[in-house]
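J.: Coordinates in work27.cif, mmCIF, C-alpha atoms (C1' of nucleotides) and all ligand atoms, are listed below.
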```
data_start
#
loop_
_atom_site.label_atom_id
_atom_site.label_comp_id
_atom_site.auth_asym_id
_atom_site.auth_seq_id
_atom_site.Cartn_x
_atom_site.Cartn_y
_atom_site.Cartn_z
CA MET Q 1 -25.05 -13.41 3.34
CA THR Q 2 -26.86 -16.29 4.92
CA ARG Q 3 -28.43 -16.57 8.31
CA ILE Q 4 -26.17 -17.45 11.22
CA ASP Q 5 -25.85 -21.18 11.81
CA THR Q 6 -26.48 -21.09 15.53
CA GLU Q 7 -25.86 -24.77 15.95
CA TRP Q 8 -22.38 -24.55 14.50
CA VAL Q 9 -21.56 -21.37 16.39
CA GLU Q 10 -22.43 -23.10 19.64
CA LYS Q 11 -20.51 -26.19 18.76
CA ALA Q 12 -17.46 -24.13 17.85
CA THR Q 13 -17.65 -22.11 21.04
CA THR Q 14 -18.06 -25.19 23.20
CA GLU Q 15 -15.35 -27.14 21.44
CA LEU Q 16 -12.81 -24.37 21.76
CA HIS Q 17 -13.63 -23.88 25.39
CA ALA Q 18 -13.27 -27.60 25.97
CA SER Q 19 -9.84 -27.52 24.37
CA GLY Q 20 -8.73 -25.15 27.11
CA ARG Q 21 -9.03 -21.81 25.40
CA ARG Q 22 -10.52 -18.64 26.76
CA ALA Q 23 -13.33 -16.83 25.02
CA GLY Q 24 -12.60 -13.62 23.16
CA GLY Q 25 -14.55 -11.06 21.19
CA ALA Q 26 -12.45 -11.26 18.06
CA ARG Q 27 -12.77 -14.98 17.75
CA ALA Q 28 -16.49 -14.82 18.39
CA GLU Q 29 -16.86 -12.43 15.48
CA VAL Q 30 -14.89 -14.72 13.19
CA ILE Q 31 -16.96 -17.71 14.23
CA THR Q 32 -20.20 -15.90 13.62
CA GLN Q 33 -19.06 -14.69 10.24
CA LEU Q 34 -17.91 -18.14 9.17
CA SER Q 35 -21.29 -19.53 10.13
CA ARG Q 36 -22.92 -17.14 7.69
CA GLU Q 37 -20.86 -18.27 4.74
CA THR Q 38 -21.85 -21.25 2.65
CA CYS Q 39 -18.52 -21.87 0.98
CA ALA Q 40 -14.86 -20.99 1.36
CA VAL Q 41 -13.78 -17.37 1.89
CA THR Q 42 -10.41 -15.71 2.29
CA ALA Q 43 -9.17 -14.22 5.54
CA GLU Q 44 -9.25 -10.87 3.84
CA GLN Q 45 -12.92 -11.29 2.94
CA ILE Q 46 -13.69 -12.01 6.56
CA GLU Q 47 -11.69 -8.99 7.65
CA ARG Q 48 -13.47 -6.70 5.21
CA THR Q 49 -16.93 -8.04 5.88
CA LEU Q 50 -16.51 -7.56 9.62
CA ALA Q 51 -15.00 -4.12 9.17
CA GLY Q 52 -17.91 -3.17 6.94
CA ALA Q 53 -20.30 -4.14 9.71
CA ASN Q 54 -18.47 -2.03 12.25
CA ARG Q 55 -17.00 -5.07 13.87
CA ARG Q 56 -13.38 -4.54 12.95
CA VAL Q 57 -11.10 -7.35 14.06
CA GLY Q 58 -7.32 -7.40 13.86
CA ARG Q 59 -5.90 -9.44 11.04
CA ALA Q 60 -3.72 -11.46 13.37
CA SER Q 61 -6.77 -12.41 15.40
CA ILE Q 62 -8.56 -13.62 12.30
CA TYR Q 63 -5.70 -15.92 11.40
CA ARG Q 64 -5.43 -17.11 14.97
CA ALA Q 65 -9.13 -17.90 15.08
CA LEU Q 66 -8.98 -19.78 11.78
CA GLU Q 67 -6.00 -21.76 12.95
CA ALA Q 68 -7.68 -22.66 16.24
CA LEU Q 69 -10.86 -23.73 14.49
CA ALA Q 70 -8.97 -25.78 11.93
CA HIS Q 71 -7.04 -27.42 14.73
CA VAL Q 72 -10.20 -28.78 16.32
CA GLY Q 73 -11.59 -29.76 12.93
CA LEU Q 74 -14.36 -27.20 12.68
CA VAL Q 75 -12.91 -25.35 9.76
CA GLN Q 76 -11.04 -26.55 6.75
CA ARG Q 77 -8.52 -24.71 4.67
CA VAL Q 78 -9.00 -24.76 0.91
CA ASP Q 79 -5.95 -24.15 -1.22
CA LEU Q 80 -6.59 -23.19 -4.78
CA GLY Q 81 -3.25 -21.79 -5.73
CA GLU Q 82 -4.43 -18.32 -6.56
CA SER Q 83 -3.23 -15.83 -4.03
CA GLY Q 84 -4.71 -16.49 -0.65
CA SER Q 85 -6.02 -19.61 1.03
CA ARG Q 86 -9.69 -19.89 1.74
CA TRP Q 87 -11.47 -21.25 4.75
CA GLU Q 88 -14.88 -22.75 5.37
CA ARG Q 89 -16.67 -24.26 8.29
CA ILE Q 90 -17.24 -27.98 8.38
CA GLY Q 91 -20.81 -28.97 9.13
CA ALA Q 92 -21.42 -29.79 12.75
CA ASN Q 93 -23.36 -32.90 11.85
CA GLY Q 94 -21.03 -34.36 9.27
CA HIS Q 95 -23.08 -32.97 6.44
CA ASP Q 96 -21.76 -30.09 4.39
CA HIS Q 97 -18.71 -32.09 3.47
CA HIS Q 98 -17.96 -31.04 -0.07
CA HIS Q 99 -15.27 -30.26 -2.59
CA HIS Q 100 -14.87 -27.67 -5.31
CA LEU Q 101 -14.93 -26.94 -8.98
CA LEU Q 102 -12.82 -23.92 -9.88
CA CYS Q 103 -13.43 -22.08 -13.14
CA SER Q 104 -10.10 -21.05 -14.60
CA ALA Q 105 -11.78 -18.38 -16.70
CA CYS Q 106 -13.93 -16.45 -14.23
CA GLY Q 107 -12.54 -17.71 -10.93
CA GLN Q 108 -15.92 -18.88 -9.73
CA LEU Q 109 -15.76 -21.50 -6.97
CA VAL Q 110 -18.56 -24.06 -7.08
CA PRO Q 111 -19.08 -26.62 -4.32
CA PHE Q 112 -20.19 -30.17 -5.06
CA GLU Q 113 -20.78 -33.41 -3.20
CA ASP Q 114 -20.24 -36.90 -4.57
CA ASP Q 115 -20.69 -40.15 -2.74
CA GLY Q 116 -18.78 -42.20 -5.28
CA LEU Q 117 -15.78 -40.00 -4.78
CA GLU Q 118 -15.98 -40.20 -1.01
CA THR Q 119 -16.24 -43.97 -1.15
CA ALA Q 120 -13.20 -44.22 -3.38
CA LEU Q 121 -11.27 -41.95 -1.04
CA HIS Q 122 -12.18 -44.01 1.98
CA HIS Q 123 -11.15 -47.27 0.35
CA LEU Q 124 -7.94 -45.72 -0.72
CA ALA Q 125 -7.17 -44.31 2.70
CA ALA Q 126 -7.75 -47.70 4.29
CA ASN Q 127 -5.14 -49.29 2.05
CA GLU Q 128 -2.37 -46.76 2.40
CA ASP Q 129 0.38 -46.97 4.95
CA PHE Q 130 -0.67 -43.57 6.16
CA THR Q 131 -3.13 -42.34 8.77
CA VAL Q 132 -5.43 -40.12 6.76
CA ASP Q 133 -7.19 -37.35 8.66
CA SER Q 134 -8.77 -35.38 5.86
CA HIS Q 135 -8.68 -34.87 2.13
CA GLU Q 136 -9.02 -32.12 -0.37
CA VAL Q 137 -10.23 -32.40 -3.95
CA THR Q 138 -10.37 -29.66 -6.57
CA LEU Q 139 -11.54 -29.98 -10.14
CA HIS Q 140 -10.15 -27.37 -12.51
CA GLY Q 141 -11.99 -26.40 -15.66
CA ARG Q 142 -14.57 -23.99 -17.00
CA CYS Q 143 -18.05 -23.35 -15.78
CA ALA Q 144 -20.94 -23.74 -18.24
CA SER Q 145 -21.12 -20.03 -18.88
CA CYS Q 146 -17.41 -19.61 -19.61
CA ALA Q 147 -17.27 -22.77 -21.70
CA ALA Q 148 -20.10 -21.42 -23.85
CA LYS Q 149 -18.39 -18.07 -24.36
CA GLN Q 150 -15.20 -19.78 -25.40
CA ALA Q 151 -16.96 -22.00 -27.93
CA ALA Q 152 -18.66 -19.02 -29.52
CA MET J 1 18.54 -36.93 -8.31
CA THR J 2 17.24 -39.18 -11.00
CA ARG J 3 18.43 -39.58 -14.53
CA ILE J 4 17.12 -37.13 -17.10
CA ASP J 5 13.88 -38.23 -18.77
CA THR J 6 14.99 -37.57 -22.32
CA GLU J 7 11.63 -38.45 -23.76
CA TRP J 8 9.84 -35.86 -21.71
CA VAL J 9 12.50 -33.23 -22.32
CA GLU J 10 12.10 -33.68 -26.03
CA LYS J 11 8.35 -33.62 -25.85
CA ALA J 12 8.45 -30.44 -23.80
CA THR J 13 10.87 -28.77 -26.16
CA THR J 14 8.87 -29.74 -29.23
CA GLU J 15 5.55 -28.79 -27.69
CA LEU J 16 6.73 -25.36 -26.64
CA HIS J 17 8.26 -24.73 -30.02
CA ALA J 18 5.03 -25.80 -31.68
CA SER J 19 3.11 -23.35 -29.54
CA GLY J 20 5.12 -20.54 -31.12
CA ARG J 21 7.78 -19.92 -28.52
CA ARG J 22 11.46 -19.42 -29.04
CA ALA J 23 14.03 -21.61 -27.37
CA GLY J 24 16.06 -20.26 -24.49
CA GLY J 25 18.79 -21.45 -22.21
CA ALA J 26 16.99 -20.70 -18.98
CA ARG J 27 13.91 -22.63 -19.94
CA ALA J 28 15.98 -25.54 -21.16
CA GLU J 29 17.63 -25.75 -17.75
CA VAL J 30 14.29 -25.75 -16.00
CA ILE J 31 12.94 -28.44 -18.31
CA THR J 32 15.96 -30.64 -17.74
CA GLN J 33 15.78 -30.21 -14.01
CA LEU J 34 12.06 -31.00 -13.90
CA SER J 35 12.72 -34.16 -15.86
CA ARG J 36 15.08 -35.32 -13.14
CA GLU J 37 12.55 -34.95 -10.35
CA THR J 38 10.10 -37.69 -9.53
CA CYS J 39 7.61 -35.64 -7.56
CA ALA J 40 6.64 -32.03 -6.97
CA VAL J 41 9.28 -29.42 -6.13
CA THR J 42 9.11 -25.72 -5.37
CA ALA J 43 10.41 -23.03 -7.69
CA GLU J 44 12.98 -22.23 -5.05
CA GLN J 45 14.23 -25.81 -5.03
CA ILE J 46 14.70 -25.65 -8.77
CA GLU J 47 16.52 -22.34 -8.44
CA ARG J 48 18.85 -23.66 -5.78
CA THR J 49 19.55 -26.96 -7.45
CA LEU J 50 20.47 -25.24 -10.70
CA ALA J 51 22.59 -22.67 -8.91
CA GLY J 52 24.39 -25.44 -7.07
CA ALA J 53 25.26 -27.03 -10.38
CA ASN J 54 26.66 -23.79 -11.76
CA ARG J 55 23.66 -23.32 -13.95
CA ARG J 56 22.15 -20.31 -12.26
CA VAL J 57 18.86 -19.16 -13.77
CA GLY J 58 16.96 -16.02 -12.89
CA ARG J 59 13.95 -16.55 -10.67
CA ALA J 60 11.63 -14.81 -13.08
CA SER J 61 12.69 -17.16 -15.84
CA ILE J 62 11.94 -20.15 -13.67
CA TYR J 63 8.42 -18.97 -13.04
CA ARG J 64 7.98 -18.11 -16.69
CA ALA J 65 9.13 -21.58 -17.71
CA LEU J 66 6.80 -23.26 -15.22
CA GLU J 67 3.89 -21.18 -16.39
CA ALA J 68 4.59 -21.98 -20.03
CA LEU J 69 4.89 -25.68 -19.33
CA ALA J 70 1.73 -25.73 -17.25
CA HIS J 71 -0.07 -23.89 -20.04
CA VAL J 72 0.62 -26.67 -22.53
CA GLY J 73 -0.19 -29.32 -19.93
CA LEU J 74 3.30 -30.68 -19.39
CA VAL J 75 3.59 -29.57 -15.82
CA GLN J 76 1.06 -29.43 -13.04
CA ARG J 77 0.99 -27.18 -10.06
CA VAL J 78 0.47 -28.77 -6.66
CA ASP J 79 -0.91 -26.56 -3.91
CA LEU J 80 -0.43 -27.82 -0.42
CA GLY J 81 -1.06 -24.65 1.52
CA GLU J 82 2.32 -24.50 3.17
CA SER J 83 4.36 -21.68 1.81
CA GLY J 84 5.11 -22.11 -1.83
CA SER J 85 3.41 -24.02 -4.59
CA ARG J 86 5.11 -27.04 -6.03
CA TRP J 87 5.39 -28.20 -9.60
CA GLU J 88 5.92 -31.53 -11.26
CA ARG J 89 6.08 -32.78 -14.78
CA ILE J 90 3.21 -34.79 -16.17
CA GLY J 91 4.27 -38.00 -17.87
CA ALA J 92 4.56 -37.75 -21.61
CA ASN J 93 2.68 -41.00 -22.11
CA GLY J 94 -0.19 -40.42 -19.74
CA HIS J 95 1.47 -42.45 -17.04
CA ASP J 96 2.86 -40.77 -13.96
CA HIS J 97 -0.52 -39.30 -13.16
CA HIS J 98 -0.65 -39.35 -9.39
CA HIS J 99 -1.80 -37.51 -6.29
CA HIS J 100 -0.29 -36.93 -2.87
CA LEU J 101 -0.32 -37.81 0.77
CA LEU J 102 1.04 -35.02 2.95
CA CYS J 103 2.31 -35.78 6.45
CA SER J 104 1.28 -32.96 8.75
CA ALA J 105 3.99 -33.93 11.23
CA CYS J 106 7.14 -34.16 9.12
CA GLY J 107 5.99 -32.48 5.91
CA GLN J 108 6.88 -35.48 3.79
CA LEU J 109 5.09 -35.60 0.44
CA VAL J 110 4.27 -39.10 -0.78
CA PRO J 111 2.87 -39.76 -4.24
CA PHE J 112 0.24 -42.43 -4.86
CA GLU J 113 -1.87 -43.72 -7.72
CA ASP J 114 -5.35 -45.17 -7.41
CA ASP J 115 -7.55 -46.35 -10.23
CA GLY J 116 -10.71 -46.39 -8.15
CA LEU J 117 -10.22 -42.75 -7.36
CA GLU J 118 -9.58 -41.83 -10.97
CA THR J 119 -12.68 -43.69 -12.06
CA ALA J 120 -14.82 -41.91 -9.50
CA LEU J 121 -13.39 -38.58 -10.60
CA HIS J 122 -14.14 -39.28 -14.23
CA HIS J 123 -17.70 -40.29 -13.56
CA LEU J 124 -18.17 -37.25 -11.45
CA ALA J 125 -16.71 -34.92 -14.06
CA ALA J 126 -19.01 -36.35 -16.71
CA ASN J 127 -22.07 -35.51 -14.63
CA GLU J 128 -21.23 -31.98 -13.66
CA ASP J 129 -22.30 -28.93 -15.57
CA PHE J 130 -18.66 -28.02 -15.87
CA THR J 131 -15.90 -28.76 -18.38
CA VAL J 132 -13.27 -30.40 -16.24
CA ASP J 133 -9.69 -30.13 -17.48
CA SER J 134 -7.77 -31.51 -14.55
CA HIS J 135 -8.07 -32.38 -10.90
CA GLU J 136 -6.02 -32.29 -7.76
CA VAL J 137 -6.35 -34.55 -4.73
CA THR J 138 -4.43 -34.33 -1.48
CA LEU J 139 -4.79 -36.58 1.55
CA HIS J 140 -3.69 -35.04 4.83
CA GLY J 141 -2.54 -37.15 7.72
CA ARG J 142 0.53 -38.74 9.24
CA CYS J 143 3.02 -41.07 7.64
CA ALA J 144 3.64 -44.44 9.28
CA SER J 145 6.77 -43.23 11.01
CA CYS J 146 5.16 -40.12 12.50
CA ALA J 147 2.02 -42.00 13.49
CA ALA J 148 4.16 -44.51 15.39
CA LYS J 149 6.09 -41.80 17.22
CA GLN J 150 2.87 -40.12 18.24
CA ALA J 151 1.37 -43.33 19.59
CA ALA J 152 4.45 -44.01 21.73
"C1'" DT U 1 -12.11 -8.80 43.66
"C1'" DC U 2 -7.48 -10.01 42.25
"C1'" DG U 3 -3.86 -12.04 39.71
"C1'" DA U 4 -2.02 -15.11 36.22
"C1'" DT U 5 -2.26 -15.66 31.75
"C1'" DA U 6 -4.66 -15.90 27.34
"C1'" DA U 7 -6.60 -12.92 23.70
"C1'" DT U 8 -6.26 -8.88 21.03
"C1'" DG U 9 -4.56 -5.51 17.56
"C1'" DG U 10 -1.34 -2.44 15.44
"C1'" DG U 11 2.46 -2.41 12.94
"C1'" DA U 12 6.88 -4.06 11.56
"C1'" DC U 13 8.52 -7.75 9.05
"C1'" DT U 14 9.13 -12.02 5.84
"C1'" DC U 15 9.23 -14.00 1.65
"C1'" DA U 16 6.95 -16.26 -2.46
"C1'" DG U 17 5.68 -14.48 -6.52
"C1'" DT U 18 5.15 -10.48 -9.95
"C1'" DA U 19 6.31 -6.37 -12.63
"C1'" DT U 20 9.66 -3.61 -14.91
"C1'" DC U 21 13.10 -2.80 -18.09
"C1'" DA U 22 17.63 -2.88 -20.04
"C1'" DT U 23 20.27 -6.46 -22.26
"C1'" DT U 24 20.95 -10.76 -24.75
"C1'" DT U 25 19.69 -14.10 -27.98
"C1'" DA U 26 16.80 -16.94 -31.24
"C1'" DG U 27 15.02 -17.23 -35.57
"C1'" DT U 28 13.88 -15.04 -40.03
"C1'" DC U 29 14.76 -12.81 -44.27
"C1'" DG U 30 17.71 -11.12 -47.61
"C1'" DC H 1 26.61 -15.39 -43.77
"C1'" DG H 2 25.19 -10.70 -41.36
"C1'" DA H 3 21.27 -7.54 -40.01
"C1'" DC H 4 16.86 -7.04 -37.87
"C1'" DT H 5 12.80 -7.87 -34.86
"C1'" DA H 6 10.78 -9.72 -31.21
"C1'" DA H 7 11.05 -13.04 -27.65
"C1'" DA H 8 13.83 -14.64 -23.68
"C1'" DT H 9 16.56 -13.50 -19.87
"C1'" DG H 10 17.91 -11.68 -15.33
"C1'" DA H 11 18.73 -8.04 -11.95
"C1'" DT H 12 16.06 -5.53 -9.12
"C1'" DA H 13 12.16 -3.15 -7.28
"C1'" DC H 14 7.84 -4.10 -5.77
"C1'" DT H 15 3.36 -6.41 -3.93
"C1'" DG H 16 0.57 -8.61 -0.71
"C1'" DA H 17 -0.70 -12.64 2.07
"C1'" DG H 18 0.60 -14.24 6.20
"C1'" DT H 19 3.65 -14.03 10.49
"C1'" DC H 20 5.94 -12.00 14.48
"C1'" DC H 21 6.31 -8.97 18.33
"C1'" DC H 22 4.80 -6.70 22.17
"C1'" DA H 23 2.20 -3.49 24.79
"C1'" DT H 24 -2.57 -3.47 26.22
"C1'" DT H 25 -6.97 -5.57 27.41
"C1'" DA H 26 -9.97 -9.13 28.91
"C1'" DT H 27 -11.10 -13.87 30.73
"C1'" DC H 28 -11.79 -16.75 34.45
"C1'" DG H 29 -10.33 -19.46 38.35
"C1'" DA H 30 -9.04 -18.78 43.17
ZN ZN F 1 -16.84 -24.92 -0.16
ZN ZN F 2 -14.54 -35.61 0.49
ZN ZN F 3 3.98 -35.84 -7.16
ZN ZN F 4 -6.10 -38.19 -10.68
#
```
Let me see whether you can do it: turn the structure in this file into C-alpha cells.
T.:
Amino acid sequence: MTRIDTEWVEKATTELHASGRRAGGARAEVITQLSRETCAVTAEQIERTLAGANRRVGRASIYRALEALAHVGLVQRVDLGESGSRWERIGANGHDHHHHLLCSACGQLVPFEDDGLETALHHLAANEDFTVDSHEVTLHGRCASCAAKQAA
Amino acid sequence: MTRIDTEWVEKATTELHASGRRAGGARAEVITQLSRETCAVTAEQIERTLAGANRRVGRASIYRALEALAHVGLVQRVDLGESGSRWERIGANGHDHHHHLLCSACGQLVPFEDDGLETALHHLAANEDFTVDSHEVTLHGRCASCAAKQAA
DNA sequence: TCGATAATGGGACTCAGTATCATTTAGTCG
DNA sequence: CGACTAAATGATACTGAGTCCCATTATCGA
C-alpha cells in the first residue's frame, strides 16, 4: 500500500463539491483508498481493504463513490473481462495516464505508458466522426515469467 | 442480418475439428450465426436470434462454443463494461481486424480500423517484456448524432 | 439551530455467466 | 452396418458482481 496522494485527494474532494455534491464519510474513505493504489482495483478489493482497516463502508456507497468520481473524470473504469471491473484514479496533473498488459496465465495486471500509442490514438480520434472523451487499451498475452514456464 | 460467411464457417469447423473436438449441432448453429454478424454481439443476442429462427440452443452450449472459438483464435471477446461481454468473429484472412467506438449516450457500437494505431501497437508490443497475443482498444465518447443533440 | 435533502448501509434482488448431471450424439472399431 | 466410449448438449440449480430500495443519518444553507 502506497502513501496517500494528498494532492489527488484534495482535487477529488474539491471537484465533487464543485459539482454540487455534499461531503460524506463513506466517499471520503473510498477516495483516500483509491489514492493509495497505483493501479486498478476491484470494488470488492476496496471494500475488503477498508473493512480490514476498521473503516467498513457499505458496498452501495463504494459503487456510488466510484461512479461519481468517474463522472467527473477523476477515476477510470478498466474492463478486463474477468469477473469484476476495476477502477483507478487518474492523475491530477495529467500524468499517470497508462494502459495495461494482462497476463492470461497468472492474471497479473501490468501498467505501461507509450507516447507512440497515445499519438496514434489522438490522430485517430481527430479523424473520426465521433467526439472521443477517453480510450481504453489492453494488451493480452503472457508475462515474462509465465512465458518462460510455458517454454520449458 | 448479413449473408453467411461460408469461408469463415468452414475455417471454424475445420479448425475445431483439427483441435480434437467433435462436431455438434449447437456449436454449428452458433458458428453460422456468428458468421452472419458484422460486429460484436452478446451471448444473449445469439441465443435470442437462434430461438427466433426456431433453432433454439442451450445457453451453456452457446458459451461453450464461444469459448472454444476464442481458444483457437477465431472469435474475440469485446468487453465494454456495460452488462454482458460481446463476441465477434475474427476474419479468416486477417482482414476484419478492427476496434470500437462506443457512444456513451445511445450505446451504439461503431467499428473502425486504423493502420497508424496498429503500427503503434505492434511497435509497443515488440518493446515490452511481455509476449503479446492480442489487443483490445475502445474509444469512449459520443456519436455525431448524440453530440449534436447535446449541443442543441 | 433547524429543515430540506443528499449520503449512507443493510439487505433484497437482478441477471450474466458457471456448474452439474442426465441424456443425446459423434466418431471409432470391429 | 451396429455397439461402444467419450464428447456435446440442454435443463436447471447455482454464484457473485452490481443494482435497487428504503429507513436512518449527516451535511450545509438559511
Ligand atoms: Zn492501471
Ligand atoms: Zn492512452
Ligand atoms: Zn466489432
Ligand atoms: Zn488492432
J.: Looking at all atoms listed in the file, which of U:DA7, U:DC15, U:DA26, U:DC21 is the one that sits closest to chain Q?
T.: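 Using all atoms listed in the file, the shortest distance to chain Q belongs to U:DA7.
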J.: Please report as a list in words which residues of chain H come no farther than 9 Å from chain Q, using all atoms listed in the file.
T.: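 Result, ordered by chain then number: DG16, DA17, DG18, DT19, DA26, DT27 and DC28 of chain H.
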J.: Those residues you just picked out, can you put them in a file as a PDB file, in the coordinates of the input with C-alpha atoms (C1' of nucleotides)?
T.:
```pdb
ATOM      1  C1'  DG H  16       0.570  -8.610  -0.710  1.00  0.00           C
ATOM      2  C1'  DA H  17      -0.700 -12.640   2.070  1.00  0.00           C
ATOM      3  C1'  DG H  18       0.600 -14.240   6.200  1.00  0.00           C
ATOM      4  C1'  DT H  19       3.650 -14.030  10.490  1.00  0.00           C
ATOM      5  C1'  DA H  26      -9.970  -9.130  28.910  1.00  0.00           C
ATOM      6  C1'  DT H  27     -11.100 -13.870  30.730  1.00  0.00           C
ATOM      7  C1'  DC H  28     -11.790 -16.750  34.450  1.00  0.00           C
TER       8       DC H  28
END
```
J.: Pick out the residues sitting within 12 Å of DA13 in chain H, and hand them over as a list in words; count all atoms listed in the file, and ignore anything fewer than 6 positions along from it in its own chain.
T.: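 After dropping sequence-adjacent residues, the list is DT18, DA19, DT20 and DC21 of chain U.
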J.: How about saving the chosen residues, C-alpha atoms (C1' of nucleotides) kept, as a PDB file, in the coordinates of the input?
T.:
```pdb
ATOM      1  C1'  DT U  18       5.150 -10.480  -9.950  1.00  0.00           C
ATOM      2  C1'  DA U  19       6.310  -6.370 -12.630  1.00  0.00           C
ATOM      3  C1'  DT U  20       9.660  -3.610 -14.910  1.00  0.00           C
ATOM      4  C1'  DC U  21      13.100  -2.800 -18.090  1.00  0.00           C
TER       5       DC U  21
END
```
J.: Could you work out how far CA of Ala28 in chain J lies from C1' of DG10 in chain H, giving the answer in Å with one decimal?
T.: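 Atom-to-atom, C1' of DG10 in chain H and CA of Ala28 in chain J are spaced 15.2 Å apart.
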J.: List every residue of chain Q that has an atom at most 10 Å from any atom of ligand ZN 1 (chain F), and for each one report the closest atom pair and its distance in Å to one decimal, counting only C-alpha atoms and all ligand atoms, with rows sorted by chain and then by increasing residue number, as CSV.
T.:
```
residue,atom,partner,partner_atom,distance
Q:Glu37,CA,F:ZN1,ZN,9.2
Q:Thr38,CA,F:ZN1,ZN,6.8
Q:Cys39,CA,F:ZN1,ZN,3.7
Q:Ala40,CA,F:ZN1,ZN,4.7
Q:Val41,CA,F:ZN1,ZN,8.4
Q:Gln76,CA,F:ZN1,ZN,9.2
Q:Arg77,CA,F:ZN1,ZN,9.6
Q:Val78,CA,F:ZN1,ZN,7.9
Q:Arg86,CA,F:ZN1,ZN,8.9
Q:Trp87,CA,F:ZN1,ZN,8.1
Q:Glu88,CA,F:ZN1,ZN,6.3
Q:Arg89,CA,F:ZN1,ZN,8.5
Q:Ile90,CA,F:ZN1,ZN,9.1
Q:Asp96,CA,F:ZN1,ZN,8.5
Q:His97,CA,F:ZN1,ZN,8.3
Q:His98,CA,F:ZN1,ZN,6.2
Q:His99,CA,F:ZN1,ZN,6.1
Q:His100,CA,F:ZN1,ZN,6.2
Q:Leu101,CA,F:ZN1,ZN,9.2
Q:Leu109,CA,F:ZN1,ZN,7.7
Q:Val110,CA,F:ZN1,ZN,7.2
Q:Pro111,CA,F:ZN1,ZN,5.0
Q:Phe112,CA,F:ZN1,ZN,7.9
Q:Glu113,CA,F:ZN1,ZN,9.8
```
J.: Tell me as a PDB file with C-alpha atoms, keeping the file's coordinate frame which residues belonging to chain Q come within 9 Å of chain J, counting only C-alpha atoms.
T.:
```
ATOM      1  CA  ARG Q  77      -8.520 -24.710   4.670  1.00  0.00           C
ATOM      2  CA  VAL Q  78      -9.000 -24.760   0.910  1.00  0.00           C
ATOM      3  CA  ASP Q  79      -5.950 -24.150  -1.220  1.00  0.00           C
ATOM      4  CA  LEU Q  80      -6.590 -23.190  -4.780  1.00  0.00           C
ATOM      5  CA  GLY Q  81      -3.250 -21.790  -5.730  1.00  0.00           C
ATOM      6  CA  SER Q  85      -6.020 -19.610   1.030  1.00  0.00           C
ATOM      7  CA  LEU Q 101     -14.930 -26.940  -8.980  1.00  0.00           C
ATOM      8  CA  CYS Q 103     -13.430 -22.080 -13.140  1.00  0.00           C
ATOM      9  CA  PHE Q 112     -20.190 -30.170  -5.060  1.00  0.00           C
ATOM     10  CA  ASP Q 114     -20.240 -36.900  -4.570  1.00  0.00           C
ATOM     11  CA  GLY Q 116     -18.780 -42.200  -5.280  1.00  0.00           C
ATOM     12  CA  LEU Q 117     -15.780 -40.000  -4.780  1.00  0.00           C
ATOM     13  CA  GLU Q 118     -15.980 -40.200  -1.010  1.00  0.00           C
ATOM     14  CA  THR Q 119     -16.240 -43.970  -1.150  1.00  0.00           C
ATOM     15  CA  ALA Q 120     -13.200 -44.220  -3.380  1.00  0.00           C
ATOM     16  CA  LEU Q 121     -11.270 -41.950  -1.040  1.00  0.00           C
ATOM     17  CA  HIS Q 123     -11.150 -47.270   0.350  1.00  0.00           C
ATOM     18  CA  LEU Q 124      -7.940 -45.720  -0.720  1.00  0.00           C
ATOM     19  CA  ALA Q 125      -7.170 -44.310   2.700  1.00  0.00           C
ATOM     20  CA  GLU Q 128      -2.370 -46.760   2.400  1.00  0.00           C
ATOM     21  CA  ASP Q 129       0.380 -46.970   4.950  1.00  0.00           C
ATOM     22  CA  PHE Q 130      -0.670 -43.570   6.160  1.00  0.00           C
ATOM     23  CA  THR Q 131      -3.130 -42.340   8.770  1.00  0.00           C
ATOM     24  CA  VAL Q 132      -5.430 -40.120   6.760  1.00  0.00           C
ATOM     25  CA  ASP Q 133      -7.190 -37.350   8.660  1.00  0.00           C
ATOM     26  CA  SER Q 134      -8.770 -35.380   5.860  1.00  0.00           C
ATOM     27  CA  HIS Q 135      -8.680 -34.870   2.130  1.00  0.00           C
ATOM     28  CA  GLU Q 136      -9.020 -32.120  -0.370  1.00  0.00           C
ATOM     29  CA  VAL Q 137     -10.230 -32.400  -3.950  1.00  0.00           C
ATOM     30  CA  THR Q 138     -10.370 -29.660  -6.570  1.00  0.00           C
ATOM     31  CA  LEU Q 139     -11.540 -29.980 -10.140  1.00  0.00           C
ATOM     32  CA  HIS Q 140     -10.150 -27.370 -12.510  1.00  0.00           C
ATOM     33  CA  GLY Q 141     -11.990 -26.400 -15.660  1.00  0.00           C
ATOM     34  CA  ARG Q 142     -14.570 -23.990 -17.000  1.00  0.00           C
ATOM     35  CA  CYS Q 143     -18.050 -23.350 -15.780  1.00  0.00           C
ATOM     36  CA  ALA Q 144     -20.940 -23.740 -18.240  1.00  0.00           C
ATOM     37  CA  SER Q 145     -21.120 -20.030 -18.880  1.00  0.00           C
ATOM     38  CA  ALA Q 147     -17.270 -22.770 -21.700  1.00  0.00           C
TER      39      ALA Q 147
END
```
J.: Pick from J:Ile4, J:Gly20, J:Gln108, J:Glu15: nearest to chain U, with all atoms listed in the file counted?
T.: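 Closest to chain U of all the choices is J:Gly20.
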J.: With distances taken over all atoms listed in the file, which of J:Val30, J:Thr2, J:Thr14, J:Arg64 is nearest to chain U?
T.: J:Arg64
J.: Just the number, please: distance in Å from C1' of DC20 in chain H to C1' of DG10 in chain U, one decimal.
T.: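 C1' of DG10 in chain U lies at a distance of 12.1 Å from C1' of DC20 in chain H.
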J.: Can you tell me which residues surround DA3 in chain H at a distance of at most 12 Å, considering all atoms listed in the file, apart from same-chain residues fewer than 4 positions away, and format the answer as number ranges by chain?
T.: U: 28-30
J.: Rounded to one decimal in Å, what is the spacing between CA of Gly107 in chain J and C1' of DG17 in chain U?
T.: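 These two atoms are separated by 21.9 Å.
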J.: When distances are computed from all atoms listed in the file, which of Q:Asp5, Q:Leu50, Q:Ala126, Q:Ile62 shows the smallest separation from chain U?
T.: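 Among the listed residues, Q:Ile62 lies closest to chain U.
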J.: Counting only C-alpha atoms (C1' of nucleotides), which residue out of U:DT8, U:DT14, U:DT24, U:DT1 sits closest to chain Q?
T.: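 The shortest atom-to-atom distance to chain Q comes from U:DT8.
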J.: Would you list the residues near (16.0, -26.4, -15.9), meaning any protein, DNA or RNA residue with an atom at most 9 Å from that point in file coordinates, counting all atoms listed in the file, as a list in words?
T.: Gly25, Ala26, Arg27, Ala28, Glu29, Val30, Ile31, Thr32, Gln33, Leu34, Ser35, Ile46, Glu47, Leu50, Arg55, Val57, Ile62 and Ala65 of chain J
